[in-house]
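Colleague: Below you will find the structure I want to go over with you.
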Amino acid sequence: MEFIKSYAERIAVFVVLSVYIDLILPDNSYRKYIRLIVGAMLIGIVMEPVAVLMG
């Protein structure tokens, strides 16, 4: 049960930080690339339990 709690906390903290970063960025051409990187990192965080179960 502790694993699920820490997993949910990690996702929540990452999402809050990524929203904050998105808000402070100026509107320029780099914004879409930063969103791409943040999205890839979020996918990695969400898929982490699957990797742990497989390996």
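Ordering of the structure tokens sets the chain letters (A, B, ...); residue numbers start at 1 within each chain; ligands are numbered from 1 in the order shown.
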Got a sec: who's within 12 Å of Val15 of chain A, counting only C-alpha atoms, leaving out chain neighbours fewer than 2 positions off, as a PyMOL selection string?

Modeller: chain A and resi 8-13+17-22+35+38-39+41-43+45-46

Colleague: Store the residues picked out above in a file with N, CA and C atoms, as a PDB file, in the first residue's frame.

Modeller:
```pdb
ATOM      1  N   ALA A   8       1.640   7.673  -6.273  1.00  0.00           N
ATOM      2  CA  ALA A   8       0.671   8.735  -6.528  1.00  0.00           C
ATOM      3  C   ALA A   8       1.237  10.100  -6.139  1.00  0.00           C
ATOM      4  N   GLU A   9       1.965  10.153  -5.030  1.00  0.00           N
ATOM      5  CA  GLU A   9       2.585  11.414  -4.622  1.00  0.00           C
ATOM      6  C   GLU A   9       3.614  11.885  -5.643  1.00  0.00           C
ATOM      7  N   ARG A  10       4.399  10.956  -6.164  1.00  0.00           N
ATOM      8  CA  ARG A  10       5.412  11.317  -7.157  1.00  0.00           C
ATOM      9  C   ARG A  10       4.774  11.881  -8.423  1.00  0.00           C
ATOM     10  N   ILE A  11       3.696  11.255  -8.868  1.00  0.00           N
ATOM     11  CA  ILE A  11       2.994  11.753 -10.058  1.00  0.00           C
ATOM     12  C   ILE A  11       2.390  13.127  -9.787  1.00  0.00           C
ATOM     13  N   ALA A  12       1.776  13.302  -8.631  1.00  0.00           N
ATOM     14  CA  ALA A  12       1.143  14.581  -8.297  1.00  0.00           C
ATOM     15  C   ALA A  12       2.174  15.702  -8.213  1.00  0.00           C
ATOM     16  N   VAL A  13       3.298  15.445  -7.571  1.00  0.00           N
ATOM     17  CA  VAL A  13       4.338  16.466  -7.461  1.00  0.00           C
ATOM     18  C   VAL A  13       4.890  16.814  -8.842  1.00  0.00           C
ATOM     19  N   LEU A  17       4.644  20.532 -10.551  1.00  0.00           N
ATOM     20  CA  LEU A  17       5.857  21.231 -10.982  1.00  0.00           C
ATOM     21  C   LEU A  17       5.856  21.508 -12.484  1.00  0.00           C
ATOM     22  N   SER A  18       5.364  20.580 -13.278  1.00  0.00           N
ATOM     23  CA  SER A  18       5.336  20.808 -14.718  1.00  0.00           C
ATOM     24  C   SER A  18       4.342  21.909 -15.093  1.00  0.00           C
ATOM     25  N   VAL A  19       3.221  21.992 -14.389  1.00  0.00           N
ATOM     26  CA  VAL A  19       2.268  23.080 -14.641  1.00  0.00           C
ATOM     27  C   VAL A  19       2.885  24.416 -14.255  1.00  0.00           C
ATOM     28  N   TYR A  20       3.597  24.441 -13.134  1.00  0.00           N
ATOM     29  CA  TYR A  20       4.266  25.676 -12.706  1.00  0.00           C
ATOM     30  C   TYR A  20       5.316  26.108 -13.728  1.00  0.00           C
ATOM     31  N   ILE A  21       6.092  25.171 -14.216  1.00  0.00           N
ATOM     32  CA  ILE A  21       7.098  25.490 -15.235  1.00  0.00           C
ATOM     33  C   ILE A  21       6.433  26.015 -16.494  1.00  0.00           C
ATOM     34  N   ASP A  22       5.326  25.386 -16.880  1.00  0.00           N
ATOM     35  CA  ASP A  22       4.616  25.824 -18.079  1.00  0.00           C
ATOM     36  C   ASP A  22       4.070  27.242 -17.908  1.00  0.00           C
ATOM     37  N   ARG A  35       7.262  21.109 -23.481  1.00  0.00           N
ATOM     38  CA  ARG A  35       6.068  20.301 -23.215  1.00  0.00           C
ATOM     39  C   ARG A  35       6.272  18.863 -23.676  1.00  0.00           C
ATOM     40  N   VAL A  38       8.541  17.217 -21.048  1.00  0.00           N
ATOM     41  CA  VAL A  38       7.797  16.984 -19.806  1.00  0.00           C
ATOM     42  C   VAL A  38       6.801  15.844 -19.992  1.00  0.00           C
ATOM     43  N   GLY A  39       6.163  15.777 -21.129  1.00  0.00           N
ATOM     44  CA  GLY A  39       5.235  14.677 -21.409  1.00  0.00           C
ATOM     45  C   GLY A  39       5.928  13.335 -21.462  1.00  0.00           C
ATOM     46  N   MET A  41       8.685  12.594 -19.889  1.00  0.00           N
ATOM     47  CA  MET A  41       9.058  12.269 -18.513  1.00  0.00           C
ATOM     48  C   MET A  41       7.860  11.744 -17.728  1.00  0.00           C
ATOM     49  N   LEU A  42       6.687  12.320 -17.948  1.00  0.00           N
ATOM     50  CA  LEU A  42       5.481  11.852 -17.273  1.00  0.00           C
ATOM     51  C   LEU A  42       5.133  10.429 -17.704  1.00  0.00           C
ATOM     52  N   ILE A  43       5.275  10.136 -18.969  1.00  0.00           N
ATOM     53  CA  ILE A  43       5.037   8.774 -19.445  1.00  0.00           C
ATOM     54  C   ILE A  43       6.004   7.804 -18.779  1.00  0.00           C
ATOM     55  N   ILE A  45       7.398   8.140 -15.829  1.00  0.00           N
ATOM     56  CA  ILE A  45       6.998   7.975 -14.422  1.00  0.00           C
ATOM     57  C   ILE A  45       5.787   7.055 -14.311  1.00  0.00           C
ATOM     58  N   VAL A  46       4.836   7.208 -15.219  1.00  0.00           N
ATOM     59  CA  VAL A  46       3.628   6.387 -15.167  1.00  0.00           C
ATOM     60  C   VAL A  46       3.949   4.928 -15.506  1.00  0.00           C
TER      61      VAL A  46
END
```

Colleague: What is the atom CA of Pro49 of chain A to atom CA of Ile4 of chain A distance in Å?

Modeller: 9.6 Å

Colleague: What separation in Å, quoted to one decimal, exists between atom CA of Tyr7 of chain A and atom CA of Val50 of chain A?

Modeller: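 Rounded to one decimal, the two atoms are 12.2 Å apart.
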